[in-house]
>>> print(open('coords-v7.cif').read())   # mmCIF, C-alpha atoms and all ligand atoms
data_query
#
loop_
_atom_site.label_atom_id
_atom_site.label_comp_id
_atom_site.auth_asym_id
_atom_site.auth_seq_id
_atom_site.Cartn_x
_atom_site.Cartn_y
_atom_site.Cartn_z
CA MET A 1 18.03 23.29 -24.71
CA SER A 2 14.25 23.41 -24.65
CA ASP A 3 12.26 24.80 -21.76
CA VAL A 4 10.96 21.34 -21.02
CA ASN A 5 14.47 19.95 -20.52
CA GLU A 6 15.42 22.80 -18.26
CA TYR A 7 12.31 22.16 -16.24
CA TYR A 8 13.22 18.52 -15.68
CA ILE A 9 16.85 19.30 -14.79
CA ASP A 10 15.59 21.83 -12.33
CA LEU A 11 13.27 19.28 -10.75
CA ASP A 12 16.09 16.76 -10.38
CA GLU A 13 18.24 19.34 -8.65
CA ARG A 14 15.33 20.03 -6.39
CA ALA A 15 15.03 16.32 -5.65
CA GLU A 16 18.72 16.11 -4.82
CA LYS A 17 18.43 19.00 -2.44
CA MET A 18 15.40 17.42 -0.78
CA LEU A 19 17.35 14.22 -0.40
CA ARG A 20 20.29 15.94 1.26
CA GLU A 21 18.05 17.67 3.77
CA GLY A 22 15.58 14.88 4.45
CA GLU A 23 15.68 12.47 7.35
CA PHE A 24 15.97 8.77 6.42
CA LEU A 25 12.72 6.85 6.96
CA GLY A 26 13.18 3.48 5.37
CA LYS A 27 14.41 1.38 2.52
CA GLY A 28 12.89 -1.41 0.46
CA ASN A 29 13.85 -3.41 -2.59
CA ASN A 30 12.91 -0.64 -4.95
CA GLY A 31 13.94 2.52 -3.26
CA VAL A 32 14.78 4.65 -0.30
CA VAL A 33 12.44 7.06 1.48
CA TYR A 34 13.26 10.34 3.25
CA LEU A 35 11.11 12.62 5.35
CA LEU A 36 10.58 16.14 4.04
CA PRO A 37 9.08 19.23 5.63
CA GLU A 38 5.31 19.66 5.51
CA ASN A 39 4.62 16.05 6.31
CA ARG A 40 5.81 14.77 2.99
CA VAL A 41 8.30 12.14 1.90
CA ILE A 42 10.44 11.59 -1.15
CA LYS A 43 10.95 8.09 -2.48
CA ILE A 44 13.98 7.68 -4.71
CA PHE A 45 13.84 4.64 -6.94
CA LYS A 46 16.64 2.44 -8.21
CA GLU A 47 14.86 1.90 -11.52
CA LYS A 48 12.93 4.44 -13.51
CA ARG A 49 10.59 1.73 -14.77
CA ILE A 50 9.42 0.98 -11.22
CA CYS A 51 9.10 4.69 -10.45
CA LYS A 52 6.88 5.14 -13.47
CA ARG A 53 4.80 2.13 -12.59
CA GLU A 54 4.26 3.23 -9.00
CA TYR A 55 3.47 6.76 -10.11
CA SER A 56 0.83 5.51 -12.51
CA ILE A 57 -0.86 3.56 -9.71
CA LEU A 58 -0.79 6.58 -7.40
CA ALA A 59 -2.22 8.73 -10.17
CA ARG A 60 -5.16 6.35 -10.49
CA THR A 61 -5.73 6.21 -6.73
CA GLU A 62 -5.58 9.97 -6.35
CA GLY A 63 -8.29 11.26 -4.06
CA SER A 64 -8.67 7.95 -2.24
CA GLU A 65 -8.33 8.41 1.51
CA TYR A 66 -6.34 5.17 1.70
CA PHE A 67 -3.47 6.33 -0.50
CA PRO A 68 -0.93 9.12 -0.07
CA ASN A 69 -1.38 12.16 -2.30
CA VAL A 70 1.37 12.84 -4.78
CA TYR A 71 2.88 16.33 -5.02
CA SER A 72 5.61 16.01 -7.60
CA ASN A 73 7.60 13.40 -9.42
CA GLY A 74 10.58 12.93 -11.67
CA THR A 75 12.20 10.08 -13.56
CA TYR A 76 13.55 8.56 -10.37
CA TYR A 77 11.45 9.99 -7.56
CA ILE A 78 7.98 10.66 -6.20
CA VAL A 79 7.07 13.16 -3.49
CA ARG A 80 4.00 12.09 -1.52
CA ASP A 81 2.33 12.36 1.89
CA TYR A 82 4.10 11.03 4.92
CA VAL A 83 2.16 8.16 6.46
CA GLY A 84 2.28 7.98 10.23
CA GLY A 85 1.07 5.28 12.54
CA GLU A 86 2.21 1.71 12.87
CA ARG A 87 2.68 -1.14 10.43
CA LEU A 88 -0.50 -3.23 10.53
CA ASP A 89 1.25 -6.52 11.25
CA LYS A 90 3.09 -5.00 14.22
CA TYR A 91 -0.11 -3.38 15.45
CA ILE A 92 -2.00 -6.70 15.32
CA LYS A 93 0.84 -8.51 17.06
CA LYS A 94 0.52 -6.05 19.93
CA ASN A 95 -3.23 -5.50 20.03
CA GLY A 96 -4.80 -8.47 18.32
CA LEU A 97 -7.51 -7.98 15.72
CA ASP A 98 -10.79 -6.56 16.88
CA LYS A 99 -13.96 -6.16 14.85
CA GLU A 100 -13.36 -2.49 14.12
CA VAL A 101 -9.94 -3.03 12.58
CA ALA A 102 -11.11 -6.13 10.70
CA CYS A 103 -13.93 -4.06 9.19
CA LYS A 104 -11.44 -1.38 8.12
CA VAL A 105 -9.37 -3.98 6.31
CA ILE A 106 -12.44 -5.33 4.51
CA GLU A 107 -13.54 -1.79 3.63
CA LEU A 108 -10.11 -1.32 2.06
CA MET A 109 -10.77 -4.32 -0.18
CA LYS A 110 -14.03 -2.65 -1.18
CA GLU A 111 -12.07 0.48 -1.98
CA PHE A 112 -9.76 -1.62 -4.18
CA GLN A 113 -12.85 -2.82 -6.04
CA ARG A 114 -14.09 0.74 -6.41
CA LEU A 115 -10.71 1.72 -7.85
CA ASN A 116 -11.04 -1.15 -10.34
CA PHE A 117 -7.96 -2.95 -9.10
CA THR A 118 -7.49 -6.34 -10.70
CA LYS A 119 -5.59 -7.46 -7.61
CA LEU A 120 -7.77 -7.54 -4.53
CA ASP A 121 -4.87 -8.08 -2.19
CA ILE A 122 -2.16 -6.36 -0.17
CA ARG A 123 0.51 -7.39 2.29
CA CYS A 124 0.05 -6.43 5.97
CA LYS A 125 3.56 -4.96 5.73
CA ASP A 126 2.42 -2.37 3.21
CA LEU A 127 -0.44 -1.15 5.38
CA TYR A 128 -0.15 1.40 8.17
CA ILE A 129 -2.77 2.06 10.80
CA THR A 130 -3.01 5.51 12.35
CA GLU A 131 -3.96 6.38 15.89
CA GLU A 132 -7.46 7.14 14.67
CA LEU A 133 -7.48 3.60 13.27
CA SER A 134 -7.54 4.60 9.64
CA LEU A 135 -5.62 2.45 7.19
CA MET A 136 -3.14 3.71 4.61
CA VAL A 137 -1.37 1.90 1.82
CA ILE A 138 2.28 2.92 1.63
CA ASP A 139 3.68 0.82 -1.18
CA PRO A 140 1.16 -0.03 -3.90
CA ARG A 141 2.16 -2.51 -6.58
CA ASN A 142 0.65 -4.56 -9.39
CA ASN A 143 -2.81 -3.45 -8.47
CA TYR A 144 -3.71 -3.08 -12.11
CA SER A 145 -1.61 -5.86 -13.56
CA LYS A 146 -1.99 -8.97 -11.41
CA ASP A 147 -5.23 -10.93 -11.26
CA ARG A 148 -6.28 -11.89 -7.78
CA THR A 149 -9.91 -12.14 -6.77
CA TYR A 150 -9.40 -12.60 -3.02
CA PRO A 151 -6.90 -11.22 -0.46
CA ARG A 152 -4.72 -14.31 -0.20
CA HIS A 153 -1.52 -12.59 0.85
CA LEU A 154 -3.34 -10.47 3.38
CA MET A 155 -5.08 -13.47 4.93
CA LYS A 156 -1.86 -15.45 4.90
CA GLY A 157 -0.36 -12.67 7.02
CA LEU A 158 -3.37 -12.71 9.33
CA ASN A 159 -3.08 -16.47 9.64
CA LYS A 160 0.55 -16.12 10.66
CA LEU A 161 -0.53 -13.61 13.29
CA GLY A 162 -3.12 -16.10 14.55
CA VAL A 163 -6.14 -13.93 13.74
CA LEU A 164 -7.45 -15.41 10.49
CA GLU A 165 -10.42 -17.14 12.12
CA LYS A 166 -11.41 -13.92 13.84
CA PHE A 167 -11.08 -12.04 10.55
CA LEU A 168 -13.23 -14.54 8.65
CA GLU A 169 -15.81 -14.38 11.41
CA VAL A 170 -16.14 -10.64 10.85
CA VAL A 171 -16.30 -11.16 7.07
CA LYS A 172 -19.13 -13.62 7.61
CA ASP A 173 -21.07 -11.41 10.02
CA GLU A 174 -20.59 -8.06 8.33
CA TYR A 175 -19.62 -8.63 4.67
CA ASP A 176 -21.40 -11.81 3.75
CA GLU A 177 -20.96 -11.11 0.01
CA PHE A 178 -17.25 -11.95 0.36
CA TYR A 179 -17.44 -14.81 2.79
CA ASP A 180 -17.95 -17.92 0.67
CA GLU A 181 -15.20 -17.10 -1.82
CA TRP A 182 -12.61 -15.83 0.67
CA ASN A 183 -13.23 -18.62 3.15
CA SER A 184 -13.24 -21.50 0.71
CA LYS A 185 -10.31 -20.28 -1.40
CA MET A 186 -8.21 -19.51 1.66
CA LYS A 187 -8.91 -22.81 3.37
CA ARG A 188 -8.09 -24.64 0.15
CA TYR A 189 -4.91 -22.63 -0.24
CA LEU A 190 -3.76 -23.35 3.31
CA GLU A 191 -4.51 -27.05 2.98
CA THR A 192 -3.28 -27.76 -0.53
CA GLY A 193 -1.22 -24.78 -1.64
CA ILE A 194 -3.56 -24.24 -4.61
CA LYS A 195 -3.79 -20.55 -5.29
N1 LIG B 201 4.62 7.54 2.72
C1 LIG B 201 5.44 7.06 3.66
N2 LIG B 201 5.40 7.55 4.92
C2 LIG B 201 6.22 7.07 5.87
N3 LIG B 201 7.13 6.12 5.68
C3 LIG B 201 7.24 5.59 4.46
C4 LIG B 201 6.40 6.03 3.39
N4 LIG B 201 6.71 5.33 2.30
C5 LIG B 201 7.70 4.51 2.66
N5 LIG B 201 8.03 4.64 3.96
C6 LIG B 201 9.09 3.87 4.68
O1 LIG B 201 10.12 3.53 3.76
C7 LIG B 201 10.20 2.11 3.60
C8 LIG B 201 10.46 1.76 2.14
O2 LIG B 201 9.41 2.24 1.33
P1 LIG B 201 8.64 1.31 0.29
O3 LIG B 201 7.68 2.17 -0.45
O4 LIG B 201 8.08 0.11 0.95
O5 LIG B 201 9.84 0.89 -0.69
P2 LIG B 201 9.99 -0.37 -1.66
O6 LIG B 201 9.09 -0.13 -2.83
O7 LIG B 201 11.42 -0.38 -2.03
O8 LIG B 201 9.57 -1.58 -0.88
C9 LIG B 201 8.88 1.57 4.15
O9 LIG B 201 9.01 0.27 4.63
C10 LIG B 201 8.56 2.58 5.25
O10 LIG B 201 9.30 2.28 6.40
MG MG B 202 8.10 -1.92 0.42
#
>>> encode(input="coords-v7.cif", output="structure tokens", more="lines below")
Ligand SMILES: Nc1ncnc2c1ncn2[C@@H]1O[C@H](COP(=O)(O)OP(=O)(O)O)[C@@H](O)[C@H]1O
Ligand SMILES: [Mg+2]
Amino acid sequence: MSDVNEYYIDLDERAEKMLREGEFLGKGNNGVVYLLPENRVIKIFKEKRICKREYSILARTEGSEYFPNVYSNGTYYIVRDYVGGERLDKYIKKNGLDKEVACKVIELMKEFQRLNFTKLDIRCKDLYITEELSLMVIDPRNNYSKDRTYPRHLMKGLNKLGVLEKFLEVVKDEYDEFYDEWNSKMKRYLETGIK
């Protein structure tokens, strides 16, 4: 057996051990997440293809303050930073959407542009907001494969929470460069279903 193989077997044993000792945090369609010491989590994937895909996104977002850092990975797992705070949709339900938080969300879209994402969108469910009001993406997907020029899903979520008008007001006042496209495409989408 080559050194490389031994190295990978060793890592998988390490992952198994981490899993046994970690506290369960949550589960989604693709995997299950456990808390580890040192403010880290391990996400174990059902499919190696999805693990690889998510890892490649996190590798490209490395260094961005909006994404968890990655510490190690294997065929079926990724170890990354724990993200504290509250899910953005739950936070908005409780607190509404003020200008400061709206601006953070729009700044995140600018970060997506900076990272050359082809999909300028994210679901409220995949965003966490910390006590210091900074936003973090927990579950990135398709950012480099889907084409979407405006945050339709995000605004759909905001609409459901009753804060879309407020959000678009802030876009208009503070980020005028986005306003015409986001406003017109979203209104058209809500009225006609045209994406
Ligand atoms: N970095 C993280 N920090 C804290 N909790 C997390 C983190 N990543 C995931 N979770 C929790 O685990 C759940 C499932 O993780 P997620 O990445 O959304 O899996 P899936 O890709 O299957 O949807 C999340 O909804 C969240 O509750
Ligand atoms: Mg998820």
>>> atom_distance(input="coords-v7.cif", atom1="CA of Lys48 (chain A)", atom2="CA of Arg148 (chain A)")
25.9 Å
>>> residues_near_ligand(input="coords-v7.cif", ligand="ligand LIG 201 (chain B)", cutoff="8 Å", atoms="only C-alpha atoms and all ligand atoms", output="PyMOL selection string")
chain A and resi 25-35+40-41+43+45+68+80-84+125-126+138-140
>>> residues_around(input="coords-v7.cif", residues="Gly162 (chain A)", least_positions_apart="5", cutoff="12 Å", atoms="all atoms listed in the file", output="PyMOL selection string")
chain A and resi 89+92-97+155-157+167-168
>>> residues_around(input="coords-v7.cif", residues="Glu54 (chain A)", least_positions_apart="4", cutoff="7 Å", atoms="all atoms listed in the file", output="compact mmCIF listing (two decimals) with C-alpha atoms, in the frame of the given file")
# COMPACT_ATOMS: atom_id res chain seq x y z
CA ILE A 50 9.42 0.98 -11.22
CA LEU A 58 -0.79 6.58 -7.40
CA PRO A 140 1.16 -0.03 -3.90
CA ARG A 141 2.16 -2.51 -6.58
>>> atom_distance(input="coords-v7.cif", atom1="CA of Gln113 (chain A)", atom2="CA of Thr75 (chain A)")
29.2 Å
>>> closest_residue(input="coords-v7.cif", among="A:Lys185, A:Arg87, A:Val170, A:Leu161", to="ligand MG 202 (chain B)", atoms="all atoms listed in the file")
A:Arg87
>>> closest_residue(input="coords-v7.cif", among="A:Thr61, A:Thr130, A:Thr118, A:Ser72", to="Gly85 (chain A)", atoms="all atoms listed in the file")
A:Thr130
>>> atom_distance(input="coords-v7.cif", atom1="CA of Ser184 (chain A)", atom2="atom MG of ligand MG 202 (chain B)")
29.0 Å
>>> closest_residue(input="coords-v7.cif", among="A:Ile78, A:Ile57, A:Leu133, A:Val70", to="Ser145 (chain A)", atoms="only C-alpha atoms")
A:Ile57
>>> closest_residue(input="coords-v7.cif", among="A:Ile106, A:Arg60, A:Tyr66, A:Tyr91", to="Asp173 (chain A)", atoms="all atoms listed in the file")
A:Ile106
>>> residues_around(input="coords-v7.cif", residues="Asp147 (chain A)", least_positions_apart="4", cutoff="10 Å", atoms="only C-alpha atoms", output="list in words")
Phe117, Thr118, Lys119, Leu120, Asp121, Asn142 and Asn143 of chain A
>>> residues_around(input="coords-v7.cif", residues="Tyr189 (chain A)", least_positions_apart="2", cutoff="12 Å", atoms="all atoms listed in the file", output="short mmCIF file (atom, residue, chain, number, x, y, z; two decimals) with C-alpha atoms, in the frame of the given file")
data_model
loop_
_atom_site.label_atom_id
_atom_site.label_comp_id
_atom_site.auth_asym_id
_atom_site.auth_seq_id
_atom_site.Cartn_x
_atom_site.Cartn_y
_atom_site.Cartn_z
CA TYR A 150 -9.40 -12.60 -3.02
CA PRO A 151 -6.90 -11.22 -0.46
CA ARG A 152 -4.72 -14.31 -0.20
CA HIS A 153 -1.52 -12.59 0.85
CA MET A 155 -5.08 -13.47 4.93
CA LYS A 156 -1.86 -15.45 4.90
CA ASN A 159 -3.08 -16.47 9.64
CA GLU A 181 -15.20 -17.10 -1.82
CA TRP A 182 -12.61 -15.83 0.67
CA ASN A 183 -13.23 -18.62 3.15
CA SER A 184 -13.24 -21.50 0.71
CA LYS A 185 -10.31 -20.28 -1.40
CA MET A 186 -8.21 -19.51 1.66
CA LYS A 187 -8.91 -22.81 3.37
CA GLU A 191 -4.51 -27.05 2.98
CA THR A 192 -3.28 -27.76 -0.53
CA GLY A 193 -1.22 -24.78 -1.64
CA ILE A 194 -3.56 -24.24 -4.61
CA LYS A 195 -3.79 -20.55 -5.29
#
>>> closest_residue(input="coords-v7.cif", among="A:Leu88, A:Leu135, A:Met18, A:Ile44", to="Glu111 (chain A)", atoms="all atoms listed in the file")
A:Leu135
>>> closest_residue(input="coords-v7.cif", among="A:Gly22, A:Val137, A:Glu16, A:Glu47", to="ligand MG 202 (chain B)", atoms="only C-alpha atoms and all ligand atoms")
A:Val137
>>> decode(input="coords-v7.cif", residues="region 74-108 of chain A", atoms="N, CA and C atoms", output="PDB file, in the first residue's frame")
ATOM      1  N   GLY A  74     -12.154  14.845   3.341  1.00  0.00           N
ATOM      2  CA  GLY A  74     -11.926  13.507   2.828  1.00  0.00           C
ATOM      3  C   GLY A  74     -12.964  13.247   1.758  1.00  0.00           C
ATOM      4  N   THR A  75     -13.070  12.017   1.317  1.00  0.00           N
ATOM      5  CA  THR A  75     -14.006  11.696   0.239  1.00  0.00           C
ATOM      6  C   THR A  75     -15.442  12.027   0.627  1.00  0.00           C
ATOM      7  N   TYR A  76     -15.751  11.801   1.906  1.00  0.00           N
ATOM      8  CA  TYR A  76     -17.135  11.987   2.343  1.00  0.00           C
ATOM      9  C   TYR A  76     -17.313  13.051   3.421  1.00  0.00           C
ATOM     10  N   TYR A  77     -16.305  13.828   3.713  1.00  0.00           N
ATOM     11  CA  TYR A  77     -16.489  14.813   4.777  1.00  0.00           C
ATOM     12  C   TYR A  77     -15.669  16.083   4.577  1.00  0.00           C
ATOM     13  N   ILE A  78     -16.123  17.139   5.240  1.00  0.00           N
ATOM     14  CA  ILE A  78     -15.379  18.401   5.274  1.00  0.00           C
ATOM     15  C   ILE A  78     -15.411  18.936   6.706  1.00  0.00           C
ATOM     16  N   VAL A  79     -14.269  19.327   7.215  1.00  0.00           N
ATOM     17  CA  VAL A  79     -14.197  19.972   8.527  1.00  0.00           C
ATOM     18  C   VAL A  79     -14.060  21.473   8.295  1.00  0.00           C
ATOM     19  N   ARG A  80     -14.946  22.240   8.895  1.00  0.00           N
ATOM     20  CA  ARG A  80     -14.943  23.691   8.684  1.00  0.00           C
ATOM     21  C   ARG A  80     -15.323  24.416   9.969  1.00  0.00           C
ATOM     22  N   ASP A  81     -15.299  25.745   9.926  1.00  0.00           N
ATOM     23  CA  ASP A  81     -15.673  26.547  11.095  1.00  0.00           C
ATOM     24  C   ASP A  81     -17.127  26.327  11.479  1.00  0.00           C
ATOM     25  N   TYR A  82     -17.363  26.313  12.771  1.00  0.00           N
ATOM     26  CA  TYR A  82     -18.721  26.375  13.288  1.00  0.00           C
ATOM     27  C   TYR A  82     -19.258  27.774  13.026  1.00  0.00           C
ATOM     28  N   VAL A  83     -20.519  27.857  12.632  1.00  0.00           N
ATOM     29  CA  VAL A  83     -21.145  29.162  12.451  1.00  0.00           C
ATOM     30  C   VAL A  83     -22.212  29.344  13.516  1.00  0.00           C
ATOM     31  N   GLY A  84     -22.027  30.344  14.356  1.00  0.00           N
ATOM     32  CA  GLY A  84     -23.007  30.609  15.403  1.00  0.00           C
ATOM     33  C   GLY A  84     -24.073  31.575  14.913  1.00  0.00           C
ATOM     34  N   GLY A  85     -24.859  32.057  15.826  1.00  0.00           N
ATOM     35  CA  GLY A  85     -25.880  33.027  15.468  1.00  0.00           C
ATOM     36  C   GLY A  85     -27.198  32.372  15.131  1.00  0.00           C
ATOM     37  N   GLU A  86     -28.016  33.091  14.400  1.00  0.00           N
ATOM     38  CA  GLU A  86     -29.377  32.649  14.133  1.00  0.00           C
ATOM     39  C   GLU A  86     -29.634  32.619  12.629  1.00  0.00           C
ATOM     40  N   ARG A  87     -30.465  31.691  12.204  1.00  0.00           N
ATOM     41  CA  ARG A  87     -30.820  31.640  10.790  1.00  0.00           C
ATOM     42  C   ARG A  87     -31.475  32.953  10.394  1.00  0.00           C
ATOM     43  N   LEU A  88     -31.078  33.504   9.249  1.00  0.00           N
ATOM     44  CA  LEU A  88     -31.544  34.847   8.876  1.00  0.00           C
ATOM     45  C   LEU A  88     -33.065  34.954   8.801  1.00  0.00           C
ATOM     46  N   ASP A  89     -33.730  33.927   8.276  1.00  0.00           N
ATOM     47  CA  ASP A  89     -35.193  34.037   8.171  1.00  0.00           C
ATOM     48  C   ASP A  89     -35.841  34.114   9.561  1.00  0.00           C
ATOM     49  N   LYS A  90     -35.308  33.333  10.500  1.00  0.00           N
ATOM     50  CA  LYS A  90     -35.853  33.366  11.860  1.00  0.00           C
ATOM     51  C   LYS A  90     -35.575  34.714  12.526  1.00  0.00           C
ATOM     52  N   TYR A  91     -34.365  35.218  12.274  1.00  0.00           N
ATOM     53  CA  TYR A  91     -33.985  36.517  12.832  1.00  0.00           C
ATOM     54  C   TYR A  91     -34.933  37.610  12.329  1.00  0.00           C
ATOM     55  N   ILE A  92     -35.205  37.602  11.021  1.00  0.00           N
ATOM     56  CA  ILE A  92     -36.068  38.643  10.433  1.00  0.00           C
ATOM     57  C   ILE A  92     -37.500  38.515  10.949  1.00  0.00           C
ATOM     58  N   LYS A  93     -37.940  37.274  11.105  1.00  0.00           N
ATOM     59  CA  LYS A  93     -39.282  37.051  11.638  1.00  0.00           C
ATOM     60  C   LYS A  93     -39.434  37.720  13.007  1.00  0.00           C
ATOM     61  N   LYS A  94     -38.374  37.593  13.810  1.00  0.00           N
ATOM     62  CA  LYS A  94     -38.405  38.155  15.156  1.00  0.00           C
ATOM     63  C   LYS A  94     -38.188  39.662  15.178  1.00  0.00           C
ATOM     64  N   ASN A  95     -37.217  40.109  14.379  1.00  0.00           N
ATOM     65  CA  ASN A  95     -36.745  41.495  14.503  1.00  0.00           C
ATOM     66  C   ASN A  95     -37.121  42.406  13.347  1.00  0.00           C
ATOM     67  N   GLY A  96     -37.709  41.851  12.309  1.00  0.00           N
ATOM     68  CA  GLY A  96     -37.937  42.645  11.112  1.00  0.00           C
ATOM     69  C   GLY A  96     -36.618  42.866  10.370  1.00  0.00           C
ATOM     70  N   LEU A  97     -36.680  43.695   9.338  1.00  0.00           N
ATOM     71  CA  LEU A  97     -35.472  43.968   8.558  1.00  0.00           C
ATOM     72  C   LEU A  97     -35.167  45.447   8.653  1.00  0.00           C
ATOM     73  N   ASP A  98     -34.069  45.774   9.324  1.00  0.00           N
ATOM     74  CA  ASP A  98     -33.716  47.195   9.348  1.00  0.00           C
ATOM     75  C   ASP A  98     -32.666  47.468   8.276  1.00  0.00           C
ATOM     76  N   LYS A  99     -32.346  48.753   8.141  1.00  0.00           N
ATOM     77  CA  LYS A  99     -31.434  49.170   7.073  1.00  0.00           C
ATOM     78  C   LYS A  99     -30.064  48.488   7.193  1.00  0.00           C
ATOM     79  N   GLU A 100     -29.587  48.379   8.424  1.00  0.00           N
ATOM     80  CA  GLU A 100     -28.256  47.808   8.618  1.00  0.00           C
ATOM     81  C   GLU A 100     -28.176  46.372   8.102  1.00  0.00           C
ATOM     82  N   VAL A 101     -29.169  45.572   8.461  1.00  0.00           N
ATOM     83  CA  VAL A 101     -29.155  44.169   8.036  1.00  0.00           C
ATOM     84  C   VAL A 101     -29.388  44.068   6.518  1.00  0.00           C
ATOM     85  N   ALA A 102     -30.283  44.910   6.001  1.00  0.00           N
ATOM     86  CA  ALA A 102     -30.512  44.910   4.549  1.00  0.00           C
ATOM     87  C   ALA A 102     -29.200  45.209   3.815  1.00  0.00           C
ATOM     88  N   CYS A 103     -28.459  46.190   4.311  1.00  0.00           N
ATOM     89  CA  CYS A 103     -27.180  46.539   3.679  1.00  0.00           C
ATOM     90  C   CYS A 103     -26.198  45.368   3.723  1.00  0.00           C
ATOM     91  N   LYS A 104     -26.204  44.639   4.825  1.00  0.00           N
ATOM     92  CA  LYS A 104     -25.299  43.480   4.939  1.00  0.00           C
ATOM     93  C   LYS A 104     -25.635  42.443   3.864  1.00  0.00           C
ATOM     94  N   VAL A 105     -26.923  42.234   3.669  1.00  0.00           N
ATOM     95  CA  VAL A 105     -27.352  41.251   2.667  1.00  0.00           C
ATOM     96  C   VAL A 105     -26.909  41.692   1.272  1.00  0.00           C
ATOM     97  N   ILE A 106     -27.056  42.984   0.998  1.00  0.00           N
ATOM     98  CA  ILE A 106     -26.662  43.489  -0.331  1.00  0.00           C
ATOM     99  C   ILE A 106     -25.134  43.420  -0.484  1.00  0.00           C
ATOM    100  N   GLU A 107     -24.431  43.728   0.596  1.00  0.00           N
ATOM    101  CA  GLU A 107     -22.961  43.606   0.564  1.00  0.00           C
ATOM    102  C   GLU A 107     -22.539  42.163   0.269  1.00  0.00           C
ATOM    103  N   LEU A 108     -23.325  41.216   0.773  1.00  0.00           N
ATOM    104  CA  LEU A 108     -23.015  39.806   0.501  1.00  0.00           C
ATOM    105  C   LEU A 108     -23.146  39.509  -1.002  1.00  0.00           C
TER     106      LEU A 108
END
